[in-house]
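Structure, as structure tokens:
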Amino acid sequence: MSWLPVMREMKGGRQVSMLLFMPWCPIDSRYETDEISILPYDRDAPIECVDDLSRSRINKIMRVWRDIEGNPMQRAAVVRYGDKSLIEDLDEEEIETVYELVSLACFSGLANRDYCQSLGAYCNTDCFALHVQKFDEADSIALVLRRREGRTLSLWSFDDISVTIPVHCHTIRLVSLDKPLLDALISHRTELGGGQWGRWQNAIGCFNQANRDSDSIPYQVEWVLLCSALEHLLEAKANAKDIARRFSENITPRRDVLASAANRRSETWPADRKTLRYEWMREFYRIRGDFAHGRLNSRQSVVWNPLEHLVLATIAFPLVAKSLLNKVGKYTMTDNDGAQIDCFERFADTKDFLRPPPDPTGSTDSHWSRLVRECAWDRAFDDAIGKIPGAGESPGE
């Protein structure tokens, strides 16, 4: 997400107001950081700290943004900067800050998704598309459109324009953020400062752009973006072995799956005691070289197909971020985080893991959800046994 310039002139000597909003983001509740608040917008409900006249103008602006049936969006999200009014004019630096923090909110939403189940929590990056609208009496809208050589500005009456939700966003009914992760990222950003934080910012930006769910983005581009995200976050060399080593050292399950004992394996793998997560990452990053150098079809032998690779990388990146934040005391790993790390290799070792499992029990049943539940149970059992005096000791000890 990058800020598009907005009109900053005065009209008739009156101060122009400003609204920052995400029309495709039906946020589930209020989320606050030190610098911004993300608030739910409901067309039929009052808006916090906004008078009736301003609410009417906001509704008029939001009327432009429509669902696929042509109706104004009923639910969305609006953004407030600091302790300023929801419609107070912001300068360019403040707008840039909002965009950066919304990208962190976006990542915390992506990290909170349920995979391989149609009724689970889900969102994509385009849900968090942030728009900046200047207005006085809310009678027109300015659109800044990108061109190869720059940008063009057009002004439209609200009665003459409508913008329709992207098709890949219209099925998303509720967006929920991982608030502890968002808080940890905000704290880490503050502590690191501009220079060191830039690596995290780049990594998260690449990950977000790889998760737009848009058919206009080739999977090869998503692949390169995900590899770049992991490389930046792990501070790895542009080398498959180095990034695989760093990944396997930062994602550490209670029980490893050795590549030599895996069900899904390649005869080309060396006969050593590397883990399956190491070999997966090495394969994923190795193929990235083909796509980054313009080869749309890799001829390298693979154990996982392209969609499987992308799903594994998308699950892996937030776990790496949480693990690194945990190591610096910014984030506390949850039981669910631990269960996901414990089952990652088992999931990768499952044949056709994106297909429904045998004898599915419902729309929320999947190989992933089953393994997460099993590993959560195993962790709880191991922890309970560990609390029993003398448990785990050999006879005679």
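By convention in this document, the chains of the structure tokens carry letters A, B, ... by their order, each chain's residues are numbered from 1, and ligands are numbered from 1 in the order they are shown.
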
### Message
Based on the backbone DSSP call, show me all residues of segment 76-305 of chain A assigned alpha helix (DSSP H), as a PyMOL selection string.
### Response
chain A and resi 92-110+179-209+219-234+240-250+276-292

### Task
Could you give me, as a PyMOL selection string, the residues within 9 Å of Leu371 of chain A, counting only C-alpha atoms and dropping anything in the same chain fewer than 2 positions from it?
chain A and resi 339-340+342-344+346-347+366-369+373-376

### Shell of 9 Å around segment 242-257 of chain A, only C-alpha atoms, local chain residues under 3 positions omitted, as a ChimeraX atom specification
/A:230-231,234-239,260-262,274-283,285,316,319-320,323-324,338-346,349,379

Output C-alpha atoms of each residue in that selection to a file, as a tab-separated table (two decimals), in the first residue's frame.
```tsv
chain	number	residue	atom	x	y	z
A	230	LEU	CA	11.17	-14.86	4.44
A	231	GLU	CA	14.67	-13.87	3.35
A	234	LEU	CA	15.33	-14.23	8.66
A	235	GLU	CA	18.23	-11.97	7.60
A	236	ALA	CA	19.33	-14.79	5.33
A	237	LYS	CA	21.69	-14.78	2.38
A	238	ALA	CA	20.16	-15.15	-1.08
A	239	ASN	CA	20.99	-18.82	-0.84
A	260	SER	CA	14.88	-39.41	5.45
A	261	ALA	CA	11.79	-40.84	7.17
A	262	ALA	CA	9.19	-38.67	5.42
A	274	LYS	CA	18.04	-32.76	7.86
A	275	THR	CA	14.43	-32.11	8.83
A	276	LEU	CA	11.52	-32.04	6.41
A	277	ARG	CA	10.97	-28.32	7.06
A	278	TYR	CA	14.57	-27.71	5.99
A	279	GLU	CA	14.10	-29.61	2.73
A	280	TRP	CA	10.78	-27.91	2.05
A	281	MET	CA	12.26	-24.44	2.45
A	282	ARG	CA	15.32	-25.37	0.38
A	283	GLU	CA	13.08	-26.55	-2.47
A	285	TYR	CA	13.62	-21.01	-2.32
A	316	ALA	CA	5.15	-20.40	7.79
A	319	LEU	CA	4.99	-18.31	12.62
A	320	VAL	CA	8.52	-17.09	11.89
A	323	SER	CA	8.93	-16.75	16.92
A	324	LEU	CA	11.32	-13.83	16.34
A	338	GLY	CA	2.81	-23.98	19.27
A	339	ALA	CA	0.37	-26.50	17.81
A	340	GLN	CA	0.80	-24.99	14.33
A	341	ILE	CA	4.58	-25.21	14.61
A	342	ASP	CA	4.35	-28.80	15.86
A	343	CYS	CA	2.13	-29.90	12.98
A	344	PHE	CA	3.79	-27.93	10.16
A	345	GLU	CA	6.05	-30.79	9.06
A	346	ARG	CA	3.31	-33.36	9.49
A	349	ASP	CA	4.26	-34.65	4.79
A	379	ARG	CA	1.01	-30.50	23.83
```

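If you count only C-alpha atoms and ignore residues fewer than 3 places along the chain from segment 162-177 of chain A, what sits within 6 Å of it is Pro26, Ile27, Asp28, Val64, Trp65, Arg66, Asp67, Ser108 and Gly109 of chain A.
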
Export of prior selection with C-alpha atoms as an mmCIF file, in the first residue's frame:
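Produced file again28.cif, reproduced below:
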```cif
data_model
loop_
_atom_site.group_PDB
_atom_site.id
_atom_site.type_symbol
_atom_site.label_atom_id
_atom_site.label_comp_id
_atom_site.auth_asym_id
_atom_site.auth_seq_id
_atom_site.Cartn_x
_atom_site.Cartn_y
_atom_site.Cartn_z
ATOM 1 C CA PRO A 26 -15.954 -5.363 7.527
ATOM 2 C CA ILE A 27 -13.871 -5.139 10.695
ATOM 3 C CA ASP A 28 -15.343 -7.019 13.654
ATOM 4 C CA VAL A 64 -19.924 5.416 -3.777
ATOM 5 C CA TRP A 65 -18.399 2.097 -2.629
ATOM 6 C CA ARG A 66 -20.740 -0.743 -3.536
ATOM 7 C CA ASP A 67 -21.148 -4.502 -3.320
ATOM 8 C CA SER A 108 -2.201 -9.316 11.728
ATOM 9 C CA GLY A 109 -5.442 -10.076 9.902
#
```

### Message
Give me, as a ChimeraX atom specification, all polymer residues having an atom no more than 6 Å from Asn211 of chain A, counting only C-alpha atoms and skipping those fewer than 3 positions away in the same chain.
### Response
/A:124-125,208

### Task
Do a neighbour search on Leu104 of chain A at 9 Å with only C-alpha atoms, toss out local chain neighbours closer than 3 positions, and write the hits as a list in words.
Tyr99, Glu100, Leu101, Phe107, Ser108, Gly109, Leu182, Leu185, Ile186, Gln201, Ile204 and Gly205 of chain A

Would you mind exporting C-alpha atoms of the selected residues as a JSON list (two decimals), in the first residue's frame?
```
[["chain", "number", "residue", "atom", "x", "y", "z"],
["A", 99, "TYR", "CA", -0.60, 3.58, 5.64],
["A", 100, "GLU", "CA", 2.32, 1.89, 7.38],
["A", 101, "LEU", "CA", 0.29, 0.97, 10.46],
["A", 107, "PHE", "CA", -0.63, -8.60, 8.34],
["A", 108, "SER", "CA", -2.20, -9.32, 11.73],
["A", 109, "GLY", "CA", -5.44, -10.08, 9.90],
["A", 182, "LEU", "CA", -0.38, -6.25, 16.15],
["A", 185, "LEU", "CA", 4.70, -5.36, 15.91],
["A", 186, "ILE", "CA", 3.90, -1.79, 16.99],
["A", 201, "GLN", "CA", 8.61, -3.41, 7.02],
["A", 204, "ILE", "CA", 5.70, -7.68, 5.84],
["A", 205, "GLY", "CA", 5.07, -5.60, 2.72]]
```

### Message
When DSSP is applied to the backbone of this structure, which of segment 28-261 of chain A are assigned strand (DSSP E or B)? Write them out as a ChimeraX atom specification.
### Response
/A:31-32,36-42,65-66,72,75-81,131-135,140-147,150-157,163-164,175,258

Generate the output file for the selected residues, C-alpha atoms, as a PDB file, in the first residue's frame.
```pdb
ATOM      1  CA  TYR A  31      -8.641  -1.884  17.312  1.00  0.00           C
ATOM      2  CA  GLU A  32      -6.313   0.716  18.786  1.00  0.00           C
ATOM      3  CA  ILE A  36      -4.224   4.981  14.926  1.00  0.00           C
ATOM      4  CA  SER A  37      -7.608   3.479  15.711  1.00  0.00           C
ATOM      5  CA  ILE A  38      -9.472   1.235  13.282  1.00  0.00           C
ATOM      6  CA  LEU A  39     -13.216   1.524  13.869  1.00  0.00           C
ATOM      7  CA  PRO A  40     -16.144  -0.480  12.513  1.00  0.00           C
ATOM      8  CA  TYR A  41     -18.441   1.403  10.153  1.00  0.00           C
ATOM      9  CA  ASP A  42     -22.092   0.399   9.811  1.00  0.00           C
ATOM     10  CA  TRP A  65     -18.399   2.097  -2.629  1.00  0.00           C
ATOM     11  CA  ARG A  66     -20.740  -0.743  -3.536  1.00  0.00           C
ATOM     12  CA  PRO A  72     -23.726   0.737  -0.894  1.00  0.00           C
ATOM     13  CA  ARG A  75     -20.101  -2.539   6.752  1.00  0.00           C
ATOM     14  CA  ALA A  76     -16.543  -1.267   6.394  1.00  0.00           C
ATOM     15  CA  ALA A  77     -13.767   0.280   8.500  1.00  0.00           C
ATOM     16  CA  VAL A  78     -12.739   3.873   9.142  1.00  0.00           C
ATOM     17  CA  VAL A  79      -9.374   4.998  10.505  1.00  0.00           C
ATOM     18  CA  ARG A  80      -8.623   7.739  13.008  1.00  0.00           C
ATOM     19  CA  TYR A  81      -5.160   9.188  13.559  1.00  0.00           C
ATOM     20  CA  HIS A 131      -8.587   5.307   0.686  1.00  0.00           C
ATOM     21  CA  VAL A 132      -8.144   8.972   1.554  1.00  0.00           C
ATOM     22  CA  GLN A 133     -11.033  11.299   0.683  1.00  0.00           C
ATOM     23  CA  LYS A 134     -10.971  15.076   1.065  1.00  0.00           C
ATOM     24  CA  PHE A 135     -14.346  16.797   1.334  1.00  0.00           C
ATOM     25  CA  SER A 140     -17.832  15.203  -5.180  1.00  0.00           C
ATOM     26  CA  ILE A 141     -15.011  12.681  -5.110  1.00  0.00           C
ATOM     27  CA  ALA A 142     -11.485  13.015  -6.455  1.00  0.00           C
ATOM     28  CA  LEU A 143      -9.898   9.888  -7.923  1.00  0.00           C
ATOM     29  CA  VAL A 144      -6.155   9.693  -8.423  1.00  0.00           C
ATOM     30  CA  LEU A 145      -5.388   7.036 -11.023  1.00  0.00           C
ATOM     31  CA  ARG A 146      -1.993   5.560 -11.708  1.00  0.00           C
ATOM     32  CA  ARG A 147      -0.443   5.558 -15.195  1.00  0.00           C
ATOM     33  CA  GLY A 150       2.670   9.136 -13.425  1.00  0.00           C
ATOM     34  CA  ARG A 151      -0.855   9.812 -12.184  1.00  0.00           C
ATOM     35  CA  THR A 152      -4.013  11.514 -13.372  1.00  0.00           C
ATOM     36  CA  LEU A 153      -6.667  13.243 -11.283  1.00  0.00           C
ATOM     37  CA  SER A 154     -10.376  13.218 -12.084  1.00  0.00           C
ATOM     38  CA  LEU A 155     -13.272  14.791 -10.187  1.00  0.00           C
ATOM     39  CA  TRP A 156     -16.690  13.130 -10.090  1.00  0.00           C
ATOM     40  CA  SER A 157     -20.053  13.988  -8.592  1.00  0.00           C
ATOM     41  CA  VAL A 163     -16.871   1.729  -7.277  1.00  0.00           C
ATOM     42  CA  THR A 164     -17.613  -1.992  -7.004  1.00  0.00           C
ATOM     43  CA  VAL A 175     -12.382  -9.375   9.400  1.00  0.00           C
ATOM     44  CA  LEU A 258      13.299 -36.189   9.466  1.00  0.00           C
TER      45      LEU A 258
END
```

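In this comparison, which uses only C-alpha atoms, the residue of A:Leu86, A:Ala259, A:Leu192, A:Ala384 approaching Leu19 of chain A most closely is A:Leu86.
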
### Query
What is the atom CA of Ile61 of chain A-atom CA of Asp139 of chain A distance in Å, reported with one decimal?
8.4 Å
